[in-house]
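Down below is the structure, laid out as structure tokens.
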Amino acid sequence: MIVITGTSALAWWNTPTLFKHEEIPPEQFAAWLKMDEQMRRYAAGRKNRRHVDERILARLPFDLKGIPLPIEVETDYGAVRTSPFARVHRLSRKPDASLLQALGNDLYVASPTLALVQAARRRSLTATVALMYEACGIYAEPSVTDLVRPLLDACTTQAHGAKQPSQFFREDENDPWKPVFDRNGNPSSMWKRPQLITTEQLRIELEAMRCVDGLPQARRAAQFVHDRSGSWLETAWALFALLPPRCGGAGYPTPLFNERVTFTPEARLLAGMSYCKCDMLWPEQNAVVELNGMAYHADRAGFKEASGRRAALESMGYSVLEITYDQMSDITQLEILLDMMSTRLGLKPAKRSTKQVERRKKLHQELFGQPESSE
């Protein structure tokens, strides 16, 4: 048994359907192998090439192309050592069948829940929570590997200047994966997709799991995760706003993520549409947060629509707070935004102790790596 684990398994789950199913032509794959001398020599018929590498090499032109090398695997075959294609660990305990996705030929990939537990082994609580938000969210930031890049470039070239560019990133009309476009109308690094797992399912599976390294950290992280985050920026704001103060957050009530709001006839005139989806909505307080990153719409029309949404929502009595990446990445501006959010939720701005300030700074540095502010 060979099991793709941890972040490699998450990369498999986060590879868009189009790229996962598109075969790399043999001549192109052979040319790619020759670009790296170590890979070329290792793949060129070595007598002592391991069973694990044989399996990985056979699948790389297909559904494994979106996983960065070397791929993390656990196996009960032969010697445990690393090659250019796989970083191999001993499979000490066979996972339950419900936690594995069979790929064929004795190759498996860990389920989203098992992969998150494995990834939690070497991650902080913050990083683990962020990973879980993505898995339970409706977005992905797939790895652009050397084998995926030509496919992405081909789709981008076809999509450039098209009225409906997303059609060049769809295998068929039933494919739920959609590229997200930047402000210039070009495909970004982010994709919209269905949730890999819901928070309820994640917690149930974590509770049932036994004897897996990383499980305590994963269980602790899962209690802070909510469904349907739509981007990394939404996830970051969720951590700042919703994590308890002991973890560096503000501890605000939980909103609805990407919730549909149907417009009144008057609001429709302002927005030019019948409804919108709010990034975060607190319905009892009529409060909305919109996160405006470099790329956050699933089509170009989204940018035209965004300008009328705020006016439409405010005409219906909603208080709308728009937040940008630059504002959130500056900790002084972040504190101002959190206080504004507190007021809109009918809460008093919290008095922060020295410890709470340090926890907020630590959380901010983990997410943005920028301890300095513009103050």
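By order in the structure tokens, chains are A, B, ...; within a chain, residues start at 1; ligands start at 1, following the order shown.
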Give me, as a tab-separated table, each residue of range 110-178 of chain A that comes within 8 Å of range 214-228 of chain A, together with its shortest interatomic pair and the distance in Å at one decimal, counting only C-alpha atoms, with rows ordered by chain and rising residue number.
residue	atom	partner	partner_atom	distance
A:Leu116	CA	A:Ala218	CA	7.1
A:Val117	CA	A:Gly214	CA	5.3
A:Gln118	CA	A:Gly214	CA	5.9
A:Ala119	CA	A:Gly214	CA	7.6
A:Ala120	CA	A:Gly214	CA	5.4
A:Arg121	CA	A:Gly214	CA	4.4
A:Leu125	CA	A:Ala221	CA	6.1
A:Thr126	CA	A:Ala221	CA	7.8
A:Thr128	CA	A:Ala221	CA	6.3
A:Val129	CA	A:Ala221	CA	5.2
A:Met132	CA	A:Val225	CA	6.7
A:Tyr133	CA	A:Val225	CA	5.8
A:Cys136	CA	A:Asp227	CA	5.3
A:Gly137	CA	A:Arg228	CA	4.0
A:Ile138	CA	A:Arg228	CA	5.4
_Using only C-alpha atoms, which protein or nucleic acid residues come within 6 Å of range 244-257 of chain A? Drop anything in the same chain fewer than 6 positions from it, and give the result as a list in words._
Arg228, Ser229, Asp279, Met280, Leu281, Trp282, Arg359, Arg360 and Leu363 of chain A
*Counting only C-alpha atoms, which of A:Ser111, A:Ser98, A:Asn292, A:Thr75 gets nearest to Asp182 in chain A?*
A:Asn292
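Here the question is which of A:Ser329, A:Arg41, A:Val212, A:Met341 gets nearest to Val289 in chain A using only C-alpha atoms, and that residue is A:Met341.
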*What residues in range 64-264 of chain A get the DSSP label strand (DSSP E or B)? Please answer as number ranges by chain.*
A: 71-75, 82, 86-90, 100-104, 107-110, 139-140, 178-182, 187-192, 256-262
*Skipping near chain neighbours, those fewer than 4 positions away, what residues fall within 12 Å of Glu134 in chain A using only C-alpha atoms, listed as a ChimeraX atom specification?*
/A:10-11,13-14,112,116,127-130,138-142,190-199,225-236,238
*Using DSSP on the backbone coordinates, identify all residues within range 137-301 of chain A classified as helix (DSSP H, G or I); present the result as a ChimeraX atom specification.*
/A:149-159,165-169,199-208,215-222,232-242,245-247,265-271,301
*Spatial neighbours of Ile336 in chain A, max dist 12 Å, only C-alpha atoms, sep filter under 2 positions, as a PyMOL selection string*: chain A and resi 321+323+327-328+330-334+338-343+349-350+375
Expected file: the selected residues, C-alpha atoms, as a PDB file, in the first residue's frame:
ATOM      1  CA  LEU A 321     -17.586  47.406   5.916  1.00  0.00           C
ATOM      2  CA  ILE A 323     -11.697  45.729   3.780  1.00  0.00           C
ATOM      3  CA  GLN A 327      -5.506  47.519   5.227  1.00  0.00           C
ATOM      4  CA  MET A 328      -5.483  44.087   6.822  1.00  0.00           C
ATOM      5  CA  ASP A 330      -1.036  46.704   8.373  1.00  0.00           C
ATOM      6  CA  ILE A 331      -1.644  45.858  12.023  1.00  0.00           C
ATOM      7  CA  THR A 332      -2.500  49.445  13.029  1.00  0.00           C
ATOM      8  CA  GLN A 333      -5.196  49.673  10.353  1.00  0.00           C
ATOM      9  CA  LEU A 334      -6.351  46.177  11.281  1.00  0.00           C
ATOM     10  CA  LEU A 338     -11.750  45.496  14.281  1.00  0.00           C
ATOM     11  CA  ASP A 339     -12.979  48.367  16.470  1.00  0.00           C
ATOM     12  CA  MET A 340     -15.266  49.534  13.641  1.00  0.00           C
ATOM     13  CA  MET A 341     -16.621  46.005  13.323  1.00  0.00           C
ATOM     14  CA  SER A 342     -17.202  45.854  17.064  1.00  0.00           C
ATOM     15  CA  THR A 343     -19.337  49.003  16.925  1.00  0.00           C
ATOM     16  CA  PRO A 349     -14.380  47.786  21.677  1.00  0.00           C
ATOM     17  CA  ALA A 350     -12.384  45.446  23.869  1.00  0.00           C
ATOM     18  CA  GLU A 375       1.932  54.120  12.451  1.00  0.00           C
TER      19      GLU A 375
END
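You will find CA of Arg260 in chain A at 5.7 Å from CA of Cys276 in chain A.
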*Within 12 Å of Ile56 in chain A, counting only C-alpha atoms, which residues show up once you throw out same-chain ones fewer than 3 positions away? Write them as a PyMOL selection string, please.*
chain A and resi 2-4+43+49-53+59-65+67+69-73+83-88+103-109
